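S.K.: Sharing model_38.txt (compact mmCIF, C-alpha atoms and all ligand atoms) below.
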```txt
# COMPACT_ATOMS: atom_id res chain seq x y z
CA MET A 134 -91.70 29.44 114.89
CA CYS A 135 -91.20 32.09 117.52
CA GLU A 136 -93.14 35.22 116.56
CA ASN A 137 -90.06 37.33 117.30
CA PHE A 138 -87.94 35.26 114.95
CA PRO A 139 -85.85 37.74 112.93
CA THR A 140 -87.20 38.29 109.43
CA TYR A 141 -83.84 37.75 107.78
CA ILE A 142 -83.47 34.30 109.37
CA ALA A 143 -87.01 33.35 108.45
CA GLU A 144 -86.42 34.44 104.84
CA GLU A 145 -83.11 32.59 104.67
CA ILE A 146 -84.72 29.38 105.89
CA GLN A 147 -87.18 29.57 103.00
CA GLU A 148 -84.46 29.71 100.37
CA PRO A 149 -83.54 26.59 98.36
CA LEU A 150 -80.41 24.68 99.38
CA THR A 151 -77.15 25.88 97.88
CA GLU A 152 -75.17 23.49 95.70
CA ASP A 153 -72.74 22.87 98.56
CA GLU A 154 -75.52 22.01 100.97
CA ALA A 155 -77.19 19.73 98.46
CA ALA A 156 -73.88 18.00 97.80
CA LEU A 157 -73.63 17.16 101.50
CA LEU A 158 -76.88 15.21 101.33
CA SER A 159 -77.42 12.11 99.28
CA GLU A 160 -80.30 11.94 96.80
CA ASP A 161 -82.02 9.66 99.31
CA ASP A 162 -81.63 12.20 102.11
CA LEU A 163 -82.91 14.95 99.86
CA SER A 164 -86.01 13.05 98.96
CA LYS A 165 -86.69 12.36 102.64
CA LEU A 166 -85.88 15.81 103.88
CA GLY A 167 -87.21 17.81 101.00
CA LYS A 168 -85.19 20.39 99.15
CA SER A 169 -86.21 23.52 100.94
CA ARG A 170 -83.89 25.10 103.47
CA ARG A 171 -86.80 25.13 105.91
CA ASP A 172 -86.91 21.31 105.91
CA PHE A 173 -83.16 21.00 105.90
CA LEU A 174 -82.79 23.26 108.94
CA GLY A 175 -85.94 22.00 110.59
CA LYS A 176 -84.76 18.40 110.57
CA THR A 177 -81.17 19.07 111.53
CA ALA A 178 -80.69 19.58 115.24
CA LEU A 179 -77.43 21.45 114.81
CA ALA A 180 -78.99 23.91 112.42
CA ALA A 181 -81.84 24.49 114.83
CA ILE A 182 -79.37 25.31 117.58
CA ALA A 183 -77.49 27.66 115.23
CA ALA A 184 -80.72 29.42 114.35
CA GLN A 185 -81.49 29.86 118.03
CA LEU A 186 -78.04 31.28 118.60
CA LEU A 187 -78.51 33.70 115.73
CA LEU A 188 -81.81 34.75 117.21
CA HIS A 189 -80.23 35.26 120.58
CA ASP A 190 -77.29 37.17 119.10
CA GLN A 191 -79.53 39.51 117.17
CA ALA A 192 -81.74 40.15 120.16
CA PHE A 193 -78.64 40.83 122.27
CA ALA A 194 -77.18 43.15 119.65
CA LEU A 195 -80.41 45.06 119.27
CA LYS A 196 -80.79 45.48 122.99
CA TYR A 197 -77.24 46.09 124.19
CA MET A 198 -74.85 46.84 121.37
CA SER A 199 -76.61 49.36 119.20
CA ASP A 200 -74.35 52.19 118.09
CA ALA A 201 -77.30 54.41 117.35
CA PRO A 202 -77.51 57.59 119.43
CA VAL A 203 -79.96 57.25 122.24
CA THR A 204 -83.18 59.05 121.51
CA ASN A 205 -86.39 58.89 123.43
CA ASN A 206 -87.63 56.29 120.94
CA ALA A 207 -84.52 54.11 121.04
CA VAL A 208 -83.97 53.79 124.78
CA SER A 209 -84.34 50.21 125.93
CA GLU A 210 -86.42 49.26 128.92
CA LEU A 211 -83.16 48.70 130.83
CA ALA A 212 -82.00 52.29 130.36
CA MET A 213 -81.21 54.43 133.36
CA THR A 214 -80.63 58.17 133.46
CA VAL A 215 -77.08 59.18 134.31
CA LYS A 216 -76.23 62.79 135.08
CA MET A 217 -72.68 64.00 134.82
CA THR A 218 -70.81 67.21 134.18
CA ILE A 219 -68.75 66.99 131.02
CA ASN A 220 -66.35 69.82 130.27
CA GLY A 221 -68.33 72.10 132.54
CA ALA A 222 -71.73 71.34 131.02
CA GLU A 223 -74.32 69.23 132.79
CA LYS A 224 -75.37 66.24 130.71
CA SER A 225 -78.13 63.78 131.29
CA VAL A 226 -78.10 60.63 129.24
CA ALA A 227 -80.46 57.66 129.17
CA ILE A 228 -78.18 54.68 129.00
CA GLU A 229 -78.12 50.94 129.61
CA PRO A 230 -76.20 49.90 132.73
CA ASN A 231 -73.49 48.07 130.78
CA VAL A 232 -72.48 50.99 128.52
CA THR A 233 -68.95 52.22 129.13
CA LEU A 234 -68.09 55.84 129.67
CA LEU A 235 -66.08 55.68 126.42
CA ASP A 236 -69.08 54.51 124.40
CA ALA A 237 -71.35 56.98 126.15
CA LEU A 238 -69.02 59.83 125.15
CA ARG A 239 -68.37 58.70 121.61
CA GLU A 240 -71.57 57.00 120.53
CA ARG A 241 -74.26 58.63 122.63
CA LEU A 242 -72.91 62.16 123.09
CA GLN A 243 -70.96 62.35 119.80
CA MET A 244 -67.81 63.49 121.63
CA THR A 245 -65.32 61.63 119.49
CA GLY A 246 -62.15 63.33 120.70
CA THR A 247 -61.67 60.48 123.16
CA LYS A 248 -60.33 57.54 121.18
CA LYS A 249 -61.03 53.82 121.34
CA GLY A 250 -57.84 51.85 120.88
CA CYS A 251 -57.72 48.43 122.51
CA ASP A 252 -61.02 48.73 124.45
CA HIS A 253 -59.32 46.53 127.06
CA GLY A 254 -57.53 48.97 129.35
CA GLN A 255 -54.14 48.44 127.76
CA CYS A 256 -53.37 51.40 125.50
CA GLY A 257 -54.54 54.57 127.26
CA ALA A 258 -56.12 56.06 124.11
CA CYS A 259 -59.41 56.47 125.97
CA THR A 260 -57.98 58.38 128.95
CA VAL A 261 -60.20 61.12 130.36
CA ILE A 262 -60.00 63.04 133.61
CA VAL A 263 -62.66 62.27 136.20
CA ASP A 264 -62.70 64.49 139.28
CA GLY A 265 -59.05 65.36 138.63
CA LYS A 266 -57.79 61.80 138.17
CA ARG A 267 -56.87 59.88 135.07
CA VAL A 268 -59.38 57.22 134.17
CA LEU A 269 -59.57 54.67 131.37
CA SER A 270 -63.02 55.33 130.02
CA CYS A 271 -63.16 51.93 128.28
CA LEU A 272 -63.00 50.25 131.69
CA THR A 273 -65.42 52.63 133.40
CA LEU A 274 -69.15 52.23 133.23
CA ALA A 275 -70.98 55.43 132.41
CA ALA A 276 -73.22 54.71 135.39
CA GLN A 277 -70.15 54.95 137.65
CA ALA A 278 -69.69 58.55 136.52
CA GLU A 279 -73.04 59.64 137.97
CA GLY A 280 -72.58 63.08 139.52
CA LEU A 281 -68.89 63.33 138.62
CA ASN A 282 -66.91 65.94 136.69
CA ILE A 283 -65.43 64.66 133.48
CA THR A 284 -62.87 66.47 131.37
CA THR A 285 -62.18 65.22 127.87
CA ILE A 286 -59.74 66.51 125.29
CA GLU A 287 -62.52 68.76 123.94
CA GLY A 288 -62.72 70.55 127.29
CA LEU A 289 -59.05 71.32 127.95
CA GLY A 290 -58.76 74.44 125.81
CA LYS A 291 -60.86 77.55 126.17
CA GLY A 292 -62.61 78.26 122.89
CA ASP A 293 -59.93 78.71 120.26
CA GLU A 294 -57.21 78.90 122.90
CA LEU A 295 -55.37 75.62 123.34
CA HIS A 296 -54.37 74.25 126.72
CA PRO A 297 -50.63 74.76 127.38
CA MET A 298 -50.15 70.98 127.15
CA GLN A 299 -51.75 70.94 123.71
CA GLU A 300 -49.49 73.82 122.62
CA SER A 301 -46.46 72.02 123.96
CA PHE A 302 -47.30 68.77 122.17
CA ILE A 303 -47.46 70.76 118.93
CA THR A 304 -44.22 72.61 119.65
CA HIS A 305 -42.35 69.37 120.39
CA ASP A 306 -43.97 67.18 117.71
CA GLY A 307 -45.38 64.95 120.42
CA PHE A 308 -47.38 62.97 117.89
CA GLN A 309 -47.36 61.60 114.38
CA CYS A 310 -50.68 59.98 113.47
CA GLY A 311 -52.29 61.63 116.49
CA TYR A 312 -54.55 58.73 117.42
CA CYS A 313 -53.11 58.31 120.90
CA THR A 314 -52.73 62.04 121.43
CA PRO A 315 -56.01 62.96 123.17
CA GLY A 316 -55.33 60.25 125.75
CA GLN A 317 -51.67 61.26 126.07
CA ILE A 318 -52.59 64.90 126.66
CA CYS A 319 -55.33 64.15 129.20
CA SER A 320 -52.93 61.83 130.97
CA ALA A 321 -50.14 64.43 130.95
CA VAL A 322 -52.39 67.16 132.35
CA ALA A 323 -53.63 64.95 135.20
CA LEU A 324 -50.12 63.61 135.82
CA LEU A 325 -48.81 67.05 136.75
CA ASP A 326 -51.68 67.49 139.18
CA GLU A 327 -50.93 64.08 140.71
CA ALA A 328 -47.35 65.21 141.26
CA LYS A 329 -48.57 68.41 142.93
CA ARG A 330 -50.69 66.30 145.26
CA GLY A 331 -47.54 64.36 146.22
CA GLU A 332 -48.63 61.04 144.76
CA ILE A 333 -45.76 58.60 144.33
CA SER A 334 -45.01 56.27 141.44
CA TYR A 335 -43.21 52.97 140.99
CA VAL A 336 -39.90 54.78 140.45
CA SER A 337 -40.21 57.27 143.32
CA THR A 338 -37.11 56.72 145.42
CA ASN A 339 -37.86 58.11 148.86
CA ILE A 340 -41.45 57.35 149.68
CA SER A 341 -41.11 58.41 153.32
CA LYS A 342 -40.87 62.00 152.10
CA LYS A 343 -43.29 63.82 149.90
CA PRO A 344 -41.86 63.41 146.38
CA PRO A 345 -40.70 66.53 144.55
CA THR A 346 -43.44 68.15 142.54
CA LYS A 347 -40.99 68.57 139.65
CA LEU A 348 -40.84 65.19 138.02
CA SER A 349 -37.68 63.68 136.55
CA ASP A 350 -37.66 62.18 133.05
CA ASP A 351 -37.89 58.73 134.62
CA GLU A 352 -40.89 59.76 136.71
CA ILE A 353 -42.63 61.18 133.65
CA ARG A 354 -41.90 58.07 131.59
CA GLU A 355 -43.13 55.77 134.34
CA ARG A 356 -46.28 57.78 135.01
CA MET A 357 -47.05 57.94 131.27
CA SER A 358 -46.34 54.25 130.73
CA GLY A 359 -50.04 53.42 130.48
CA ASN A 360 -50.32 55.51 127.35
CA ILE A 361 -48.98 53.64 124.36
CA CYS A 362 -47.87 55.50 121.23
CA ARG A 363 -47.51 53.19 118.27
CA CYS A 364 -45.72 55.98 116.36
CA GLY A 365 -43.03 56.07 119.04
CA ALA A 366 -43.25 59.79 119.81
CA TYR A 367 -42.15 59.15 123.40
CA PRO A 368 -39.03 61.41 123.61
CA HIS A 369 -41.05 64.32 122.22
CA ILE A 370 -43.91 63.64 124.62
CA VAL A 371 -41.54 63.76 127.59
CA GLU A 372 -40.11 67.07 126.34
CA ALA A 373 -43.60 68.49 125.91
CA ILE A 374 -44.60 67.54 129.46
CA LYS A 375 -41.37 68.92 130.93
CA GLU A 376 -41.89 72.23 129.18
CA VAL A 377 -45.31 72.65 130.78
CA GLN A 378 -44.05 71.43 134.14
CA ASN A 379 -41.02 73.71 134.20
CA GLY A 380 -42.72 76.68 132.59
CA LYS A 381 -39.77 77.32 130.32
CA ALA A 382 -38.78 76.22 126.85
CA GLU A 383 -37.26 72.76 126.58
CA ALA A 384 -34.66 71.93 123.96
CA LYS A 385 -36.23 70.10 121.03
CA SER A 386 -34.77 66.76 120.06
CA SER A 387 -34.56 65.88 116.39
S1 LIG A 401 -59.12 51.97 124.62
FE1 LIG A 401 -59.11 52.14 126.76
S2 LIG A 401 -57.11 51.52 127.32
FE2 LIG A 401 -57.19 51.17 125.16
S1 LIG A 402 -49.01 59.55 117.51
FE1 LIG A 402 -49.58 57.76 116.43
S2 LIG A 402 -50.01 56.37 118.00
FE2 LIG A 402 -49.19 58.03 119.04
```
How does this structure look as structure tokens?
M.R.:
Amino acid sequence: MCENFPTYIAEEIQEPLTEDEAALLSEDDLSKLGKSRRDFLGKTALAAIAAQLLLHDQAFALKYMSDAPVTNNAVSELAMTVKMTINGAEKSVAIEPNVTLLDALRERLQMTGTKKGCDHGQCGACTVIVDGKRVLSCLTLAAQAEGLNITTIEGLGKGDELHPMQESFITHDGFQCGYCTPGQICSAVALLDEAKRGEISYVSTNISKKPPTKLSDDEIRERMSGNICRCGAYPHIVEAIKEVQNGKAEAKSS
């Protein structure tokens, strides 16, 4: 047996057959194969393949999928050092090349304000701002953020002072459960900057001219369409964004 064979598999193989397993084998088979799980697995090709797969899966999980914070002792031989500026502070993290920015933030740096929703680029819960642009951190490798400036929900306010967009979300009840809210707020903050830069959207009508920096409700809805809110707080979110954009109080819908 491979010397790296996981202990738990080795121990399991030594256990006697369960009643179900024994029932699958005739008395004749049992006398030929022996009653130990070691013999049963050892003489069954399918079981041998399954054991190999288990071995491979565990090795893969240990190497690539560990949720444990990276410490000097836990870094795998594949780790690389990535330096980035997060919320104004320089961070250096030893990380495997396939770790996403989302997992680096949440699992390695314990910055759990950024949420994992779908983990497939479809819900926007993981939105952070990278060099002034909205980014889905679940689809971004941490290694791609080398040398970049990242702003997460934790970095929008100043100490105890909330960012105006955070205040406005509270004023307009722009959330219920709040799970999507960090992504919504990061997206909303970057969205207004995109508008100031004159970036167009799918619903911009006259693309030959620089679009107005004040966004219509339709523009806001379209530009926020990548951020899903399962609680359906959308009308309140639009109000909250408009209030920050216009710099004056928006009427609150019920
Ligand atoms: S968690 Fe990234 S888009 Fe859903
Ligand atoms: S507030 Fe619950 S998902 Fe948006």
S.K.: For ligand LIG 401 (chain A), which of A:Gly280, A:Gly311, A:Gly254, A:Gly246 is the closest residue, counting all atoms listed in the file?
M.R.: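 When distances to ligand LIG 401 (chain A) are compared using all atoms listed in the file, the smallest one comes from A:Gly254.
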S.K.: How would you report the residues lying within 7 Å of ligand LIG 402 (chain A), as number ranges by chain, if you count only C-alpha atoms and all ligand atoms?
M.R.: A: 308-314, 361-366
S.K.: Once you have the residues from the selection above, write them out as a PDB file, keeping the file's coordinate frame, restricted to C-alpha atoms.
M.R.:
```pdb
ATOM      1  CA  PHE A 308     -47.380  62.970 117.890  1.00  0.00           C
ATOM      2  CA  GLN A 309     -47.360  61.600 114.380  1.00  0.00           C
ATOM      3  CA  CYS A 310     -50.680  59.980 113.470  1.00  0.00           C
ATOM      4  CA  GLY A 311     -52.290  61.630 116.490  1.00  0.00           C
ATOM      5  CA  TYR A 312     -54.550  58.730 117.420  1.00  0.00           C
ATOM      6  CA  CYS A 313     -53.110  58.310 120.900  1.00  0.00           C
ATOM      7  CA  THR A 314     -52.730  62.040 121.430  1.00  0.00           C
ATOM      8  CA  ILE A 361     -48.980  53.640 124.360  1.00  0.00           C
ATOM      9  CA  CYS A 362     -47.870  55.500 121.230  1.00  0.00           C
ATOM     10  CA  ARG A 363     -47.510  53.190 118.270  1.00  0.00           C
ATOM     11  CA  CYS A 364     -45.720  55.980 116.360  1.00  0.00           C
ATOM     12  CA  GLY A 365     -43.030  56.070 119.040  1.00  0.00           C
ATOM     13  CA  ALA A 366     -43.250  59.790 119.810  1.00  0.00           C
TER      14      ALA A 366
END
```
S.K.: Select the residues contacting ligand LIG 401 (chain A) at a distance of at most 10 Å, based on only C-alpha atoms and all ligand atoms, then format the selection as a PyMOL selection string.
M.R.: chain A and resi 235+247-261+268-273+313+316+359-361
S.K.: I'd like to know which of A:Met217, A:Ala276, A:Met298, A:Leu242 is closest to Asp264 in chain A, using all atoms listed in the file.
M.R.: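 Comparing A:Met217, A:Ala276, A:Met298, A:Leu242 against Asp264 in chain A, the winner is A:Met217.
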S.K.: What's around Leu324 in chain A at 10 Å? Count only C-alpha atoms, leave out sequence neighbours fewer than 3 positions away in its own chain, and write the answer as a ChimeraX atom specification.
M.R.: /A:265-267,318-321,327-330,332,348,353,356-357,374
S.K.: Between CA of Asp236 in chain A and CA of Glu223 in chain A, measure the distance and give it in Å to one decimal.
M.R.: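 Between CA of Asp236 in chain A and CA of Glu223 in chain A the gap works out to 17.7 Å.
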S.K.: Grab the CA of Glu229 in chain A to CA of Pro315 in chain A distance for me, in Å with one decimal place.
M.R.: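 Going from CA of Glu229 in chain A over to CA of Pro315 in chain A covers 26.0 Å.
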S.K.: Got a sec to check which residues sit within 10 Å of (-43.6, 71.8, 128.8), counting all atoms listed in the file, and write them as a list of chain:residue names?
M.R.: A:Pro297, A:Met298, A:Gln299, A:Glu300, A:Ser301, A:Phe302, A:Thr304, A:His305, A:Ile370, A:Val371, A:Glu372, A:Ala373, A:Ile374, A:Lys375, A:Glu376, A:Val377, A:Gln378, A:Asn379, A:Gly380, A:Lys381, A:Ala382, A:Glu383
S.K.: Would you export the selected residues with C-alpha atoms as a tab-separated table (two decimals), in the coordinates of the input, please?
M.R.:
```
chain	number	residue	atom	x	y	z
A	297	PRO	CA	-50.63	74.76	127.38
A	298	MET	CA	-50.15	70.98	127.15
A	299	GLN	CA	-51.75	70.94	123.71
A	300	GLU	CA	-49.49	73.82	122.62
A	301	SER	CA	-46.46	72.02	123.96
A	302	PHE	CA	-47.30	68.77	122.17
A	304	THR	CA	-44.22	72.61	119.65
A	305	HIS	CA	-42.35	69.37	120.39
A	370	ILE	CA	-43.91	63.64	124.62
A	371	VAL	CA	-41.54	63.76	127.59
A	372	GLU	CA	-40.11	67.07	126.34
A	373	ALA	CA	-43.60	68.49	125.91
A	374	ILE	CA	-44.60	67.54	129.46
A	375	LYS	CA	-41.37	68.92	130.93
A	376	GLU	CA	-41.89	72.23	129.18
A	377	VAL	CA	-45.31	72.65	130.78
A	378	GLN	CA	-44.05	71.43	134.14
A	379	ASN	CA	-41.02	73.71	134.20
A	380	GLY	CA	-42.72	76.68	132.59
A	381	LYS	CA	-39.77	77.32	130.32
A	382	ALA	CA	-38.78	76.22	126.85
A	383	GLU	CA	-37.26	72.76	126.58
```
S.K.: Near Ser386 in chain A, within 8 Å and counting all atoms listed in the file, which residues show up once chain neighbours fewer than 2 positions away are dropped, as a list in words?
M.R.: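 Close residues of Ser386 in chain A: Pro368, His369 and Ala384 of chain A.
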S.K.: What separation in Å, quoted to one decimal, exists between CA of Ala323 in chain A and CA of Val226 in chain A?
M.R.: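 According to the coordinates, CA of Ala323 in chain A and CA of Val226 in chain A are separated by 25.6 Å.
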S.K.: Output range 282-310 of chain A from the block with N, CA and C atoms, as a short mmCIF file (atom, residue, chain, number, x, y, z; two decimals), in the first residue's frame?
M.R.:
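File written: result.cif
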```cif
data_model
loop_
_atom_site.label_atom_id
_atom_site.label_comp_id
_atom_site.auth_asym_id
_atom_site.auth_seq_id
_atom_site.Cartn_x
_atom_site.Cartn_y
_atom_site.Cartn_z
N ASN A 282 -5.02 48.08 -5.90
CA ASN A 282 -5.71 48.65 -4.74
C ASN A 282 -7.10 48.06 -4.64
N ILE A 283 -7.38 47.45 -3.53
CA ILE A 283 -8.68 46.80 -3.36
C ILE A 283 -9.44 47.49 -2.24
N THR A 284 -10.70 47.80 -2.53
CA THR A 284 -11.56 48.35 -1.48
C THR A 284 -12.69 47.37 -1.24
N THR A 285 -12.84 46.97 0.01
CA THR A 285 -13.96 46.10 0.38
C THR A 285 -14.94 46.91 1.22
N ILE A 286 -16.03 46.28 1.59
CA ILE A 286 -17.04 46.99 2.39
C ILE A 286 -16.43 47.51 3.70
N GLU A 287 -15.43 46.79 4.22
CA GLU A 287 -14.83 47.22 5.49
C GLU A 287 -14.06 48.53 5.34
N GLY A 288 -13.69 48.87 4.09
CA GLY A 288 -12.84 50.03 3.89
C GLY A 288 -13.58 51.26 3.39
N LEU A 289 -14.90 51.18 3.24
CA LEU A 289 -15.63 52.34 2.69
C LEU A 289 -15.80 53.45 3.72
N GLY A 290 -16.14 53.09 4.94
CA GLY A 290 -16.32 54.11 5.97
C GLY A 290 -14.97 54.55 6.53
N LYS A 291 -15.02 55.57 7.35
CA LYS A 291 -13.78 56.03 8.01
C LYS A 291 -13.99 55.85 9.51
N GLY A 292 -13.39 54.83 10.07
CA GLY A 292 -13.61 54.56 11.49
C GLY A 292 -15.07 54.26 11.74
N ASP A 293 -15.65 55.03 12.68
CA ASP A 293 -17.07 54.82 13.00
C ASP A 293 -18.00 55.55 12.04
N GLU A 294 -17.40 56.33 11.14
CA GLU A 294 -18.22 57.13 10.22
C GLU A 294 -18.53 56.31 8.96
N LEU A 295 -19.82 56.12 8.71
CA LEU A 295 -20.20 55.31 7.55
C LEU A 295 -20.00 56.10 6.25
N HIS A 296 -19.80 55.38 5.17
CA HIS A 296 -19.78 56.00 3.85
C HIS A 296 -21.20 56.49 3.54
N PRO A 297 -21.33 57.60 2.80
CA PRO A 297 -22.68 58.10 2.48
C PRO A 297 -23.59 57.03 1.86
N MET A 298 -23.01 56.12 1.08
CA MET A 298 -23.85 55.08 0.47
C MET A 298 -24.36 54.11 1.54
N GLN A 299 -23.54 53.84 2.54
CA GLN A 299 -24.00 52.98 3.64
C GLN A 299 -25.13 53.66 4.40
N GLU A 300 -24.93 54.97 4.68
CA GLU A 300 -25.98 55.74 5.38
C GLU A 300 -27.28 55.70 4.59
N SER A 301 -27.15 55.89 3.28
CA SER A 301 -28.34 55.97 2.44
C SER A 301 -29.07 54.63 2.37
N PHE A 302 -28.32 53.54 2.32
CA PHE A 302 -28.96 52.22 2.34
C PHE A 302 -29.76 52.03 3.64
N ILE A 303 -29.22 52.54 4.74
CA ILE A 303 -29.94 52.42 6.01
C ILE A 303 -31.20 53.30 5.99
N THR A 304 -31.01 54.54 5.52
CA THR A 304 -32.15 55.48 5.48
C THR A 304 -33.30 54.92 4.64
N HIS A 305 -32.96 54.28 3.53
CA HIS A 305 -34.00 53.83 2.59
C HIS A 305 -34.33 52.34 2.73
N ASP A 306 -33.90 51.72 3.80
CA ASP A 306 -34.16 50.28 3.99
C ASP A 306 -33.75 49.50 2.74
N GLY A 307 -32.53 49.73 2.31
CA GLY A 307 -32.08 49.06 1.07
C GLY A 307 -31.66 47.62 1.28
N PHE A 308 -32.14 47.01 2.33
CA PHE A 308 -31.80 45.61 2.58
C PHE A 308 -32.81 45.01 3.56
N GLN A 309 -32.87 43.69 3.56
CA GLN A 309 -33.64 42.99 4.59
C GLN A 309 -32.70 42.05 5.34
N CYS A 310 -32.34 40.93 4.71
CA CYS A 310 -31.41 40.02 5.42
C CYS A 310 -29.99 40.59 5.44
#
```
